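Heads up: the structure comes next, in structure tokens.
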Amino acid sequence: MKGTSSDSLTGVSTIVIGGGILGAVTLWELAHAGMSCALLEAGAFGRESTGKSAAVVRTHYSNPQVVRMALRSRDALANLPGVLGCDPVYRRDGYLFVVDAADREHAIANRAMQAAEGALSVEVGLDDLDGYLPGIDPEGISYVLYEEDSGFADPLATTIAYVEAARGLGAHAYEGAPVEAILVEHGAVFGVRAGGRTIGCDTIVLAAGAWSPALAATAGIELPVRITREQDVIYGTAPEQPVRHAVSMQVDRTYIRPLVEEGDSLLLVGRGFPKPYDHVDADRYSPEIDEEFERDARARMTARFPRLRGMRFRHGRVGLYSITPDWHPLLGPVEGVAGLHLATGGSGHCFKLGPAIGELVAGEILGTPVSYADIHDFRLGRFADGDVFRSTYGGNRA
């Protein structure tokens, strides 16, 4: 393992497996509380599903405590420079939720619930929509919400900022450090096997995304997680300007945002739920954009925004979703294996919830639970108990 040694990890209380956003925030929260902790990442920090995320930040969710988690996370992302001493990672450029007639009443009801939780939005009349989305064809659009304080973030910069801040507090964090197994004896974890050797600890946080099911299996735990291959396409729009807001175009089953962290006049386009899903092995999938997917994304975008017909394909991102049966994450302690905690099963929407999830998972370990959400509701055992989350629109429009 790169840069690790037996001496450097001796006496570590907690090991976090996985260096995406959930592992990075959990590490920082533990280190901030003074716990001796380490993070082991098989590849490079934030380079898998997190770094390939569209990183849209919104509060339009179906369940009150998830709305509260989204609010907590959005505030954390906006205030990150003051908390971590890093450069800004968040763009408060606004977010629009655009629906057809079939989802209009659902969106109206959701908005009322969200407002009661402090997540504010305004209704945008169709006559005013061009002011937010210049050149849009309003065909089929029935209802639009605008969240002024939402937007998008740089997912890679955010993750690295948390890791570096945790290191500054004394935590260890290593890239190129794949964990081979979680070690369990007498119903409790006692360490991990990494690089062919045993590293002892009292607590393990499994935050390895698409690789979590295989690692959980080494501890005798089956995670109900499906792995899907997900694609986003990046277009150059010059001389036209890209859409300036983050948008969930529910009416077209797309999501879009300007990719400002990579340059001017770039637009990221992805497909939203419902859509066909490509189930894959996390270690064996094509990293290239499918031509058919690119053609479909282009057709949907240019039909909705005729002014962008001249946009040009630049490149794409292919990552993985780790999908649970109810499209909500698996968080907290695992019954039957003392010391094992989950921070996984993001189901394609957990970057925007990452700061709250890290606080939630770390709070359970530290004995300082948060007030805005109950980690018990996200437990692995909820499926057997029939106590699952419901989504207004289905799938990852959670």
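Labels for the structure tokens follow display order: chains A, B, ..., residues from 1 in each chain, ligands from 1.
Excluding A:Glu359 and any residue on its chain fewer than 2 positions from it, the residues at most 10 Å away by only C-alpha atoms are Leu22, Val25, Thr26, Leu27, Trp28, Glu29, Leu30, Met69, Arg72, Ser73, Gly354, Pro355, Ala356, Ile357, Val361, Ala362, Gly363, Glu364, Ile365, Thr368, Pro369 and Val370 of chain A.
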Quick one: write out the picked residues with N, CA and C atoms as a PDB file, in the first residue's frame?
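Once everything was written out, this is result.pdb:
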```pdb
ATOM      1  N   LEU A  22     -18.480  10.170   0.828  1.00  0.00           N
ATOM      2  CA  LEU A  22     -18.996   9.685   2.105  1.00  0.00           C
ATOM      3  C   LEU A  22     -17.870   9.292   3.050  1.00  0.00           C
ATOM      4  N   VAL A  25     -15.940  12.690   4.206  1.00  0.00           N
ATOM      5  CA  VAL A  25     -16.628  13.495   5.222  1.00  0.00           C
ATOM      6  C   VAL A  25     -16.655  12.767   6.557  1.00  0.00           C
ATOM      7  N   THR A  26     -16.904  11.461   6.530  1.00  0.00           N
ATOM      8  CA  THR A  26     -16.917  10.704   7.788  1.00  0.00           C
ATOM      9  C   THR A  26     -15.559  10.779   8.474  1.00  0.00           C
ATOM     10  N   LEU A  27     -14.490  10.640   7.700  1.00  0.00           N
ATOM     11  CA  LEU A  27     -13.141  10.748   8.266  1.00  0.00           C
ATOM     12  C   LEU A  27     -12.951  12.104   8.937  1.00  0.00           C
ATOM     13  N   TRP A  28     -13.336  13.171   8.241  1.00  0.00           N
ATOM     14  CA  TRP A  28     -13.155  14.509   8.807  1.00  0.00           C
ATOM     15  C   TRP A  28     -13.967  14.683  10.090  1.00  0.00           C
ATOM     16  N   GLU A  29     -15.189  14.217  10.088  1.00  0.00           N
ATOM     17  CA  GLU A  29     -16.030  14.356  11.281  1.00  0.00           C
ATOM     18  C   GLU A  29     -15.405  13.622  12.470  1.00  0.00           C
ATOM     19  N   LEU A  30     -14.881  12.417  12.240  1.00  0.00           N
ATOM     20  CA  LEU A  30     -14.244  11.656  13.326  1.00  0.00           C
ATOM     21  C   LEU A  30     -12.981  12.356  13.817  1.00  0.00           C
ATOM     22  N   MET A  69     -31.598  16.707   5.519  1.00  0.00           N
ATOM     23  CA  MET A  69     -30.217  16.329   5.223  1.00  0.00           C
ATOM     24  C   MET A  69     -29.668  17.115   4.032  1.00  0.00           C
ATOM     25  N   ARG A  72     -28.875  20.624   5.241  1.00  0.00           N
ATOM     26  CA  ARG A  72     -27.649  20.608   6.047  1.00  0.00           C
ATOM     27  C   ARG A  72     -26.426  20.510   5.140  1.00  0.00           C
ATOM     28  N   SER A  73     -26.516  19.659   4.139  1.00  0.00           N
ATOM     29  CA  SER A  73     -25.383  19.456   3.236  1.00  0.00           C
ATOM     30  C   SER A  73     -25.136  20.676   2.363  1.00  0.00           C
ATOM     31  N   GLY A 354     -23.823  14.201   1.018  1.00  0.00           N
ATOM     32  CA  GLY A 354     -22.595  13.716   1.629  1.00  0.00           C
ATOM     33  C   GLY A 354     -22.223  14.338   2.958  1.00  0.00           C
ATOM     34  N   PRO A 355     -22.224  15.676   3.087  1.00  0.00           N
ATOM     35  CA  PRO A 355     -21.866  16.253   4.384  1.00  0.00           C
ATOM     36  C   PRO A 355     -22.780  15.799   5.514  1.00  0.00           C
ATOM     37  N   ALA A 356     -24.085  15.710   5.258  1.00  0.00           N
ATOM     38  CA  ALA A 356     -25.005  15.251   6.303  1.00  0.00           C
ATOM     39  C   ALA A 356     -24.792  13.778   6.611  1.00  0.00           C
ATOM     40  N   ILE A 357     -24.558  12.968   5.588  1.00  0.00           N
ATOM     41  CA  ILE A 357     -24.345  11.535   5.826  1.00  0.00           C
ATOM     42  C   ILE A 357     -23.097  11.302   6.659  1.00  0.00           C
ATOM     43  N   VAL A 361     -23.227   9.388  10.213  1.00  0.00           N
ATOM     44  CA  VAL A 361     -22.495   8.150  10.507  1.00  0.00           C
ATOM     45  C   VAL A 361     -21.491   8.363  11.628  1.00  0.00           C
ATOM     46  N   ALA A 362     -20.737   9.464  11.558  1.00  0.00           N
ATOM     47  CA  ALA A 362     -19.756   9.745  12.609  1.00  0.00           C
ATOM     48  C   ALA A 362     -20.445   9.981  13.949  1.00  0.00           C
ATOM     49  N   GLY A 363     -21.593  10.663  13.933  1.00  0.00           N
ATOM     50  CA  GLY A 363     -22.310  10.925  15.175  1.00  0.00           C
ATOM     51  C   GLY A 363     -22.745   9.653  15.868  1.00  0.00           C
ATOM     52  N   GLU A 364     -23.126   8.638  15.101  1.00  0.00           N
ATOM     53  CA  GLU A 364     -23.500   7.356  15.686  1.00  0.00           C
ATOM     54  C   GLU A 364     -22.300   6.689  16.347  1.00  0.00           C
ATOM     55  N   ILE A 365     -21.146   6.750  15.690  1.00  0.00           N
ATOM     56  CA  ILE A 365     -19.929   6.146  16.247  1.00  0.00           C
ATOM     57  C   ILE A 365     -19.488   6.872  17.515  1.00  0.00           C
ATOM     58  N   THR A 368     -22.891  10.919  19.499  1.00  0.00           N
ATOM     59  CA  THR A 368     -23.435  12.271  19.428  1.00  0.00           C
ATOM     60  C   THR A 368     -24.378  12.360  18.235  1.00  0.00           C
ATOM     61  N   PRO A 369     -25.538  11.710  18.305  1.00  0.00           N
ATOM     62  CA  PRO A 369     -26.442  11.672  17.155  1.00  0.00           C
ATOM     63  C   PRO A 369     -26.923  13.053  16.748  1.00  0.00           C
ATOM     64  N   VAL A 370     -27.175  13.213  15.452  1.00  0.00           N
ATOM     65  CA  VAL A 370     -27.665  14.490  14.937  1.00  0.00           C
ATOM     66  C   VAL A 370     -29.157  14.614  15.251  1.00  0.00           C
TER      67      VAL A 370
END
```
(request) Using only C-alpha atoms, determine which residues lie at most 8 Å from stretch 341-349 of chain A, disregarding the query and same-chain residues fewer than 4 positions distant; provide the list as JSON, numbers by chain. (result) {"A": [22, 23, 203, 204, 205, 206, 207, 208, 209, 210, 212, 225, 321, 322, 323, 324, 327, 328, 329, 330, 331, 332, 333, 334, 353, 357, 358, 361, 396]}
Write the residues you've just listed into a file as a PDB file, in the first residue's frame, and include N, CA and C atoms for each of them.
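So the final result, stored in result.pdb, reads:
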```pdb
ATOM      1  N   LEU A  22     -18.480  10.170   0.828  1.00  0.00           N
ATOM      2  CA  LEU A  22     -18.996   9.685   2.105  1.00  0.00           C
ATOM      3  C   LEU A  22     -17.870   9.292   3.050  1.00  0.00           C
ATOM      4  N   GLY A  23     -16.849   8.634   2.538  1.00  0.00           N
ATOM      5  CA  GLY A  23     -15.712   8.276   3.373  1.00  0.00           C
ATOM      6  C   GLY A  23     -14.928   9.490   3.823  1.00  0.00           C
ATOM      7  N   THR A 203     -13.374  -0.164  15.071  1.00  0.00           N
ATOM      8  CA  THR A 203     -14.543   0.249  14.296  1.00  0.00           C
ATOM      9  C   THR A 203     -14.165   0.380  12.828  1.00  0.00           C
ATOM     10  N   ILE A 204     -15.071  -0.038  11.953  1.00  0.00           N
ATOM     11  CA  ILE A 204     -14.858   0.078  10.510  1.00  0.00           C
ATOM     12  C   ILE A 204     -16.065   0.767   9.901  1.00  0.00           C
ATOM     13  N   VAL A 205     -15.809   1.738   9.033  1.00  0.00           N
ATOM     14  CA  VAL A 205     -16.864   2.369   8.241  1.00  0.00           C
ATOM     15  C   VAL A 205     -16.680   1.920   6.799  1.00  0.00           C
ATOM     16  N   LEU A 206     -17.658   1.214   6.275  1.00  0.00           N
ATOM     17  CA  LEU A 206     -17.598   0.723   4.902  1.00  0.00           C
ATOM     18  C   LEU A 206     -18.255   1.750   3.992  1.00  0.00           C
ATOM     19  N   ALA A 207     -17.417   2.471   3.236  1.00  0.00           N
ATOM     20  CA  ALA A 207     -17.871   3.545   2.355  1.00  0.00           C
ATOM     21  C   ALA A 207     -17.262   3.368   0.977  1.00  0.00           C
ATOM     22  N   ALA A 208     -17.250   2.131   0.506  1.00  0.00           N
ATOM     23  CA  ALA A 208     -16.535   1.785  -0.722  1.00  0.00           C
ATOM     24  C   ALA A 208     -17.419   1.767  -1.959  1.00  0.00           C
ATOM     25  N   GLY A 209     -18.592   2.365  -1.901  1.00  0.00           N
ATOM     26  CA  GLY A 209     -19.429   2.489  -3.080  1.00  0.00           C
ATOM     27  C   GLY A 209     -19.733   1.151  -3.732  1.00  0.00           C
ATOM     28  N   ALA A 210     -19.451   1.058  -5.016  1.00  0.00           N
ATOM     29  CA  ALA A 210     -19.768  -0.152  -5.786  1.00  0.00           C
ATOM     30  C   ALA A 210     -19.003  -1.372  -5.306  1.00  0.00           C
ATOM     31  N   SER A 212     -18.544  -2.015  -2.079  1.00  0.00           N
ATOM     32  CA  SER A 212     -19.002  -2.346  -0.733  1.00  0.00           C
ATOM     33  C   SER A 212     -19.613  -3.740  -0.618  1.00  0.00           C
ATOM     34  N   VAL A 225     -27.563  -4.546  -2.929  1.00  0.00           N
ATOM     35  CA  VAL A 225     -27.118  -3.439  -3.771  1.00  0.00           C
ATOM     36  C   VAL A 225     -26.879  -3.939  -5.192  1.00  0.00           C
ATOM     37  N   TYR A 321     -23.426   3.564 -10.232  1.00  0.00           N
ATOM     38  CA  TYR A 321     -24.381   3.739  -9.148  1.00  0.00           C
ATOM     39  C   TYR A 321     -24.395   2.471  -8.308  1.00  0.00           C
ATOM     40  N   SER A 322     -24.564   2.636  -7.005  1.00  0.00           N
ATOM     41  CA  SER A 322     -24.772   1.519  -6.078  1.00  0.00           C
ATOM     42  C   SER A 322     -26.199   1.653  -5.566  1.00  0.00           C
ATOM     43  N   ILE A 323     -27.110   0.856  -6.108  1.00  0.00           N
ATOM     44  CA  ILE A 323     -28.539   1.088  -5.934  1.00  0.00           C
ATOM     45  C   ILE A 323     -29.140   0.118  -4.920  1.00  0.00           C
ATOM     46  N   THR A 324     -29.793   0.661  -3.914  1.00  0.00           N
ATOM     47  CA  THR A 324     -30.524  -0.151  -2.930  1.00  0.00           C
ATOM     48  C   THR A 324     -31.969  -0.315  -3.394  1.00  0.00           C
ATOM     49  N   TRP A 327     -33.723   2.966  -3.131  1.00  0.00           N
ATOM     50  CA  TRP A 327     -32.939   4.090  -3.660  1.00  0.00           C
ATOM     51  C   TRP A 327     -32.501   5.073  -2.570  1.00  0.00           C
ATOM     52  N   HIS A 328     -32.385   4.607  -1.352  1.00  0.00           N
ATOM     53  CA  HIS A 328     -31.852   5.409  -0.255  1.00  0.00           C
ATOM     54  C   HIS A 328     -30.639   4.679   0.325  1.00  0.00           C
ATOM     55  N   PRO A 329     -29.717   5.413   0.918  1.00  0.00           N
ATOM     56  CA  PRO A 329     -28.452   4.796   1.334  1.00  0.00           C
ATOM     57  C   PRO A 329     -28.573   3.848   2.508  1.00  0.00           C
ATOM     58  N   LEU A 330     -27.532   3.040   2.674  1.00  0.00           N
ATOM     59  CA  LEU A 330     -27.373   2.159   3.824  1.00  0.00           C
ATOM     60  C   LEU A 330     -26.403   2.837   4.783  1.00  0.00           C
ATOM     61  N   LEU A 331     -26.891   3.162   5.978  1.00  0.00           N
ATOM     62  CA  LEU A 331     -26.094   3.937   6.925  1.00  0.00           C
ATOM     63  C   LEU A 331     -26.170   3.319   8.314  1.00  0.00           C
ATOM     64  N   GLY A 332     -25.043   3.431   9.031  1.00  0.00           N
ATOM     65  CA  GLY A 332     -25.047   3.080  10.436  1.00  0.00           C
ATOM     66  C   GLY A 332     -24.632   1.663  10.744  1.00  0.00           C
ATOM     67  N   PRO A 333     -24.785   1.266  12.009  1.00  0.00           N
ATOM     68  CA  PRO A 333     -24.280  -0.030  12.470  1.00  0.00           C
ATOM     69  C   PRO A 333     -25.012  -1.202  11.834  1.00  0.00           C
ATOM     70  N   VAL A 334     -24.248  -2.300  11.670  1.00  0.00           N
ATOM     71  CA  VAL A 334     -24.790  -3.524  11.086  1.00  0.00           C
ATOM     72  C   VAL A 334     -25.097  -4.502  12.205  1.00  0.00           C
ATOM     73  N   LEU A 353     -25.940  14.832  -0.531  1.00  0.00           N
ATOM     74  CA  LEU A 353     -26.241  14.529   0.869  1.00  0.00           C
ATOM     75  C   LEU A 353     -24.982  14.195   1.661  1.00  0.00           C
ATOM     76  N   ILE A 357     -24.558  12.968   5.588  1.00  0.00           N
ATOM     77  CA  ILE A 357     -24.345  11.535   5.826  1.00  0.00           C
ATOM     78  C   ILE A 357     -23.097  11.302   6.659  1.00  0.00           C
ATOM     79  N   GLY A 358     -22.015  12.009   6.342  1.00  0.00           N
ATOM     80  CA  GLY A 358     -20.800  11.864   7.135  1.00  0.00           C
ATOM     81  C   GLY A 358     -21.013  12.240   8.583  1.00  0.00           C
ATOM     82  N   VAL A 361     -23.227   9.388  10.213  1.00  0.00           N
ATOM     83  CA  VAL A 361     -22.495   8.150  10.507  1.00  0.00           C
ATOM     84  C   VAL A 361     -21.491   8.363  11.628  1.00  0.00           C
ATOM     85  N   ASN A 396     -34.507   7.119  -8.374  1.00  0.00           N
ATOM     86  CA  ASN A 396     -33.584   8.019  -7.701  1.00  0.00           C
ATOM     87  C   ASN A 396     -34.022   9.479  -7.720  1.00  0.00           C
TER      88      ASN A 396
END
```
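Residue neighbourhood of A:Thr14, excluding near-sequence residues (fewer than 6 positions): Ser36, Cys37, Ala38, Cys201, Asp202, Thr203 and Ile204 of chain A, at 7 Å, using only C-alpha atoms.
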Which residues are close to A:Ala246, i.e. within 8 Å by only C-alpha atoms, leaving aside same-chain residues fewer than 6 positions away? Reply as a PDB file with N, CA and C atoms, in the first residue's frame.
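Saved file out00.pdb follows:
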```pdb
ATOM      1  N   VAL A  56     -25.036  17.910  -8.828  1.00  0.00           N
ATOM      2  CA  VAL A  56     -26.134  18.867  -8.674  1.00  0.00           C
ATOM      3  C   VAL A  56     -26.546  18.887  -7.200  1.00  0.00           C
ATOM      4  N   ASP A  93     -25.798  28.840  -8.096  1.00  0.00           N
ATOM      5  CA  ASP A  93     -26.278  29.370  -9.365  1.00  0.00           C
ATOM      6  C   ASP A  93     -27.739  29.020  -9.640  1.00  0.00           C
ATOM      7  N   GLY A  94     -28.405  28.397  -8.661  1.00  0.00           N
ATOM      8  CA  GLY A  94     -29.822  28.094  -8.804  1.00  0.00           C
ATOM      9  C   GLY A  94     -30.086  26.729  -9.413  1.00  0.00           C
ATOM     10  N   TYR A  95     -31.240  26.186  -9.072  1.00  0.00           N
ATOM     11  CA  TYR A  95     -31.661  24.861  -9.540  1.00  0.00           C
ATOM     12  C   TYR A  95     -33.126  24.911  -9.929  1.00  0.00           C
ATOM     13  N   LEU A  96     -33.453  24.302 -11.081  1.00  0.00           N
ATOM     14  CA  LEU A  96     -34.833  24.243 -11.549  1.00  0.00           C
ATOM     15  C   LEU A  96     -35.303  22.807 -11.647  1.00  0.00           C
ATOM     16  N   GLY A 151     -27.727  24.672  -6.515  1.00  0.00           N
ATOM     17  CA  GLY A 151     -26.818  24.816  -7.639  1.00  0.00           C
ATOM     18  C   GLY A 151     -26.031  23.548  -7.885  1.00  0.00           C
ATOM     19  N   PHE A 152     -24.706  23.661  -7.793  1.00  0.00           N
ATOM     20  CA  PHE A 152     -23.850  22.504  -8.041  1.00  0.00           C
ATOM     21  C   PHE A 152     -22.483  22.747  -7.426  1.00  0.00           C
ATOM     22  N   TYR A 255     -30.959  15.513 -16.859  1.00  0.00           N
ATOM     23  CA  TYR A 255     -30.464  16.520 -15.933  1.00  0.00           C
ATOM     24  C   TYR A 255     -29.298  17.213 -16.613  1.00  0.00           C
ATOM     25  N   ILE A 256     -29.124  18.501 -16.323  1.00  0.00           N
ATOM     26  CA  ILE A 256     -28.107  19.285 -17.000  1.00  0.00           C
ATOM     27  C   ILE A 256     -27.521  20.311 -16.037  1.00  0.00           C
ATOM     28  N   ARG A 257     -26.306  20.728 -16.333  1.00  0.00           N
ATOM     29  CA  ARG A 257     -25.706  21.864 -15.624  1.00  0.00           C
ATOM     30  C   ARG A 257     -24.486  22.345 -16.386  1.00  0.00           C
ATOM     31  N   PRO A 258     -24.111  23.627 -16.220  1.00  0.00           N
ATOM     32  CA  PRO A 258     -22.865  24.099 -16.829  1.00  0.00           C
ATOM     33  C   PRO A 258     -21.672  23.486 -16.100  1.00  0.00           C
TER      34      PRO A 258
END
```
As a CSV table (one decimal) with N, CA and C atoms, in the first residue's frame, list the residues of stretch 62-233 of chain A assigned to strand (DSSP E) by DSSP on the backbone atoms of this structure.
```csv
chain,number,residue,atom,x,y,z
A,90,TYR,N,-18.5,25.3,-4.1
A,90,TYR,CA,-20.0,25.3,-4.4
A,90,TYR,C,-20.3,26.5,-5.2
A,91,ARG,N,-21.2,26.3,-6.2
A,91,ARG,CA,-21.7,27.4,-7.0
A,91,ARG,C,-23.2,27.6,-6.7
A,95,TYR,N,-31.2,26.2,-9.1
A,95,TYR,CA,-31.7,24.9,-9.5
A,95,TYR,C,-33.1,24.9,-9.9
A,96,LEU,N,-33.5,24.3,-11.1
A,96,LEU,CA,-34.8,24.2,-11.5
A,96,LEU,C,-35.3,22.8,-11.6
A,97,PHE,N,-36.6,22.6,-11.2
A,97,PHE,CA,-37.2,21.3,-11.4
A,97,PHE,C,-38.4,21.5,-12.3
A,98,VAL,N,-38.3,20.8,-13.5
A,98,VAL,CA,-39.2,21.1,-14.6
A,98,VAL,C,-40.0,19.8,-14.9
A,99,VAL,N,-41.3,19.8,-14.7
A,99,VAL,CA,-42.2,18.6,-14.8
A,99,VAL,C,-43.3,18.8,-15.8
A,122,VAL,N,-39.5,28.8,-5.4
A,122,VAL,CA,-40.6,29.6,-6.0
A,122,VAL,C,-41.1,29.0,-7.3
A,123,GLU,N,-42.4,29.2,-7.5
A,123,GLU,CA,-43.0,28.7,-8.8
A,123,GLU,C,-42.6,29.7,-9.9
A,143,TYR,N,-45.2,22.6,-15.0
A,143,TYR,CA,-44.9,23.2,-13.7
A,143,TYR,C,-43.4,23.3,-13.5
A,144,VAL,N,-43.0,24.4,-12.9
A,144,VAL,CA,-41.5,24.6,-12.7
A,144,VAL,C,-41.3,25.2,-11.4
A,145,LEU,N,-40.3,24.7,-10.7
A,145,LEU,CA,-39.9,25.2,-9.4
A,145,LEU,C,-38.4,25.7,-9.5
A,146,TYR,N,-38.1,26.7,-8.8
A,146,TYR,CA,-36.7,27.3,-8.8
A,146,TYR,C,-36.2,27.4,-7.4
A,147,GLU,N,-35.1,26.8,-7.1
A,147,GLU,CA,-34.4,26.9,-5.8
A,147,GLU,C,-33.2,27.9,-5.9
A,151,GLY,N,-27.7,24.7,-6.5
A,151,GLY,CA,-26.8,24.8,-7.6
A,151,GLY,C,-26.0,23.5,-7.9
A,152,PHE,N,-24.7,23.7,-7.8
A,152,PHE,CA,-23.9,22.5,-8.0
A,152,PHE,C,-22.5,22.7,-7.4
A,153,ALA,N,-21.7,21.7,-7.3
A,153,ALA,CA,-20.4,21.8,-6.7
A,153,ALA,C,-19.4,21.0,-7.5
A,172,HIS,N,-5.1,9.8,9.3
A,172,HIS,CA,-4.3,9.2,8.2
A,172,HIS,C,-5.2,8.9,7.0
A,173,ALA,N,-4.7,9.2,5.8
A,173,ALA,CA,-5.5,8.9,4.6
A,173,ALA,C,-4.5,8.5,3.5
A,174,TYR,N,-4.8,7.3,2.9
A,174,TYR,CA,-3.9,6.7,1.9
A,174,TYR,C,-4.6,6.3,0.6
A,179,VAL,N,-8.3,-2.5,0.5
A,179,VAL,CA,-8.7,-3.4,1.5
A,179,VAL,C,-9.2,-4.7,0.9
A,180,GLU,N,-8.6,-5.8,1.4
A,180,GLU,CA,-9.0,-7.1,0.8
A,180,GLU,C,-10.1,-7.8,1.6
A,181,ALA,N,-10.2,-7.5,2.9
A,181,ALA,CA,-11.2,-8.2,3.7
A,181,ALA,C,-11.4,-7.4,5.0
A,182,ILE,N,-12.6,-7.5,5.5
A,182,ILE,CA,-13.0,-7.0,6.8
A,182,ILE,C,-12.9,-8.2,7.8
A,183,LEU,N,-12.2,-8.1,8.8
A,183,LEU,CA,-11.9,-9.2,9.7
A,183,LEU,C,-12.8,-9.2,10.9
A,184,VAL,N,-13.5,-10.3,11.1
A,184,VAL,CA,-14.5,-10.4,12.2
A,184,VAL,C,-14.2,-11.7,13.0
A,185,GLU,N,-14.3,-11.5,14.3
A,185,GLU,CA,-14.2,-12.6,15.3
A,185,GLU,C,-15.2,-12.5,16.4
A,188,ALA,N,-17.7,-9.5,16.1
A,188,ALA,CA,-17.2,-8.1,16.2
A,188,ALA,C,-16.0,-8.0,15.2
A,189,VAL,N,-15.9,-6.8,14.6
A,189,VAL,CA,-14.7,-6.5,13.8
A,189,VAL,C,-13.4,-6.4,14.7
A,190,PHE,N,-12.3,-6.8,14.2
A,190,PHE,CA,-11.0,-6.5,14.9
A,190,PHE,C,-10.0,-5.9,13.9
A,191,GLY,N,-10.4,-5.7,12.7
A,191,GLY,CA,-9.4,-5.1,11.8
A,191,GLY,C,-9.8,-5.4,10.3
A,192,VAL,N,-8.8,-5.0,9.5
A,192,VAL,CA,-8.9,-5.3,8.0
A,192,VAL,C,-7.7,-5.9,7.6
A,193,ARG,N,-7.8,-6.7,6.4
A,193,ARG,CA,-6.6,-7.2,5.8
A,193,ARG,C,-6.3,-6.3,4.6
A,194,ALA,N,-5.2,-5.7,4.5
A,194,ALA,CA,-4.8,-4.8,3.4
A,194,ALA,C,-3.3,-5.0,3.1
A,197,ARG,N,-1.6,-7.9,5.0
A,197,ARG,CA,-1.3,-7.9,6.4
A,197,ARG,C,-2.5,-7.4,7.2
A,198,THR,N,-2.6,-7.6,8.5
A,198,THR,CA,-3.7,-7.2,9.3
A,198,THR,C,-3.4,-5.9,9.9
A,199,ILE,N,-4.4,-5.0,9.8
A,199,ILE,CA,-4.4,-3.7,10.5
A,199,ILE,C,-5.5,-3.7,11.5
A,200,GLY,N,-5.2,-3.6,12.8
A,200,GLY,CA,-6.2,-3.7,13.8
A,200,GLY,C,-7.0,-2.4,14.0
A,203,THR,N,-13.4,-0.2,15.1
A,203,THR,CA,-14.5,0.2,14.3
A,203,THR,C,-14.2,0.4,12.8
A,204,ILE,N,-15.1,0.0,12.0
A,204,ILE,CA,-14.9,0.1,10.5
A,204,ILE,C,-16.1,0.8,9.9
A,205,VAL,N,-15.8,1.7,9.0
A,205,VAL,CA,-16.9,2.4,8.2
A,205,VAL,C,-16.7,1.9,6.8
A,206,LEU,N,-17.7,1.2,6.3
A,206,LEU,CA,-17.6,0.7,4.9
A,206,LEU,C,-18.3,1.8,4.0
A,226,ARG,N,-27.4,-3.2,-6.2
A,226,ARG,CA,-27.2,-3.5,-7.6
A,226,ARG,C,-26.2,-2.4,-8.1
A,227,ILE,N,-25.3,-2.8,-9.0
A,227,ILE,CA,-24.4,-1.9,-9.5
A,227,ILE,C,-24.7,-1.6,-11.0
A,228,THR,N,-24.9,-0.3,-11.3
A,228,THR,CA,-25.2,0.1,-12.7
A,228,THR,C,-24.2,1.0,-13.3
A,229,ARG,N,-24.0,1.0,-14.5
A,229,ARG,CA,-23.1,1.8,-15.3
A,229,ARG,C,-23.9,3.1,-15.7
A,230,GLU,N,-23.3,4.2,-15.4
A,230,GLU,CA,-24.0,5.5,-15.7
A,230,GLU,C,-23.1,6.4,-16.5
A,231,GLN,N,-23.8,7.1,-17.4
A,231,GLN,CA,-23.1,8.0,-18.4
A,231,GLN,C,-23.5,9.4,-18.3
A,232,ASP,N,-22.6,10.4,-18.4
A,232,ASP,CA,-22.9,11.8,-18.6
A,232,ASP,C,-22.1,12.2,-19.8
A,233,VAL,N,-22.6,13.1,-20.6
A,233,VAL,CA,-22.0,13.6,-21.8
A,233,VAL,C,-21.7,15.1,-21.6
```
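One finds atom CA of A:Thr237 at 20.6 Å from atom CA of A:Ser53.
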(message) Residues of stretch 53-96 of chain A classed as helix (DSSP H, G or I) by DSSP on the backbone are to be reported as a list in words.
(response) Pro64, Gln65, Val66, Val67, Arg68, Met69, Ala70, Leu71, Arg72, Ser73, Arg74, Asp75, Ala76, Leu77, Ala78, Leu80, Pro81, Gly82, Val83 and Leu84 of chain A
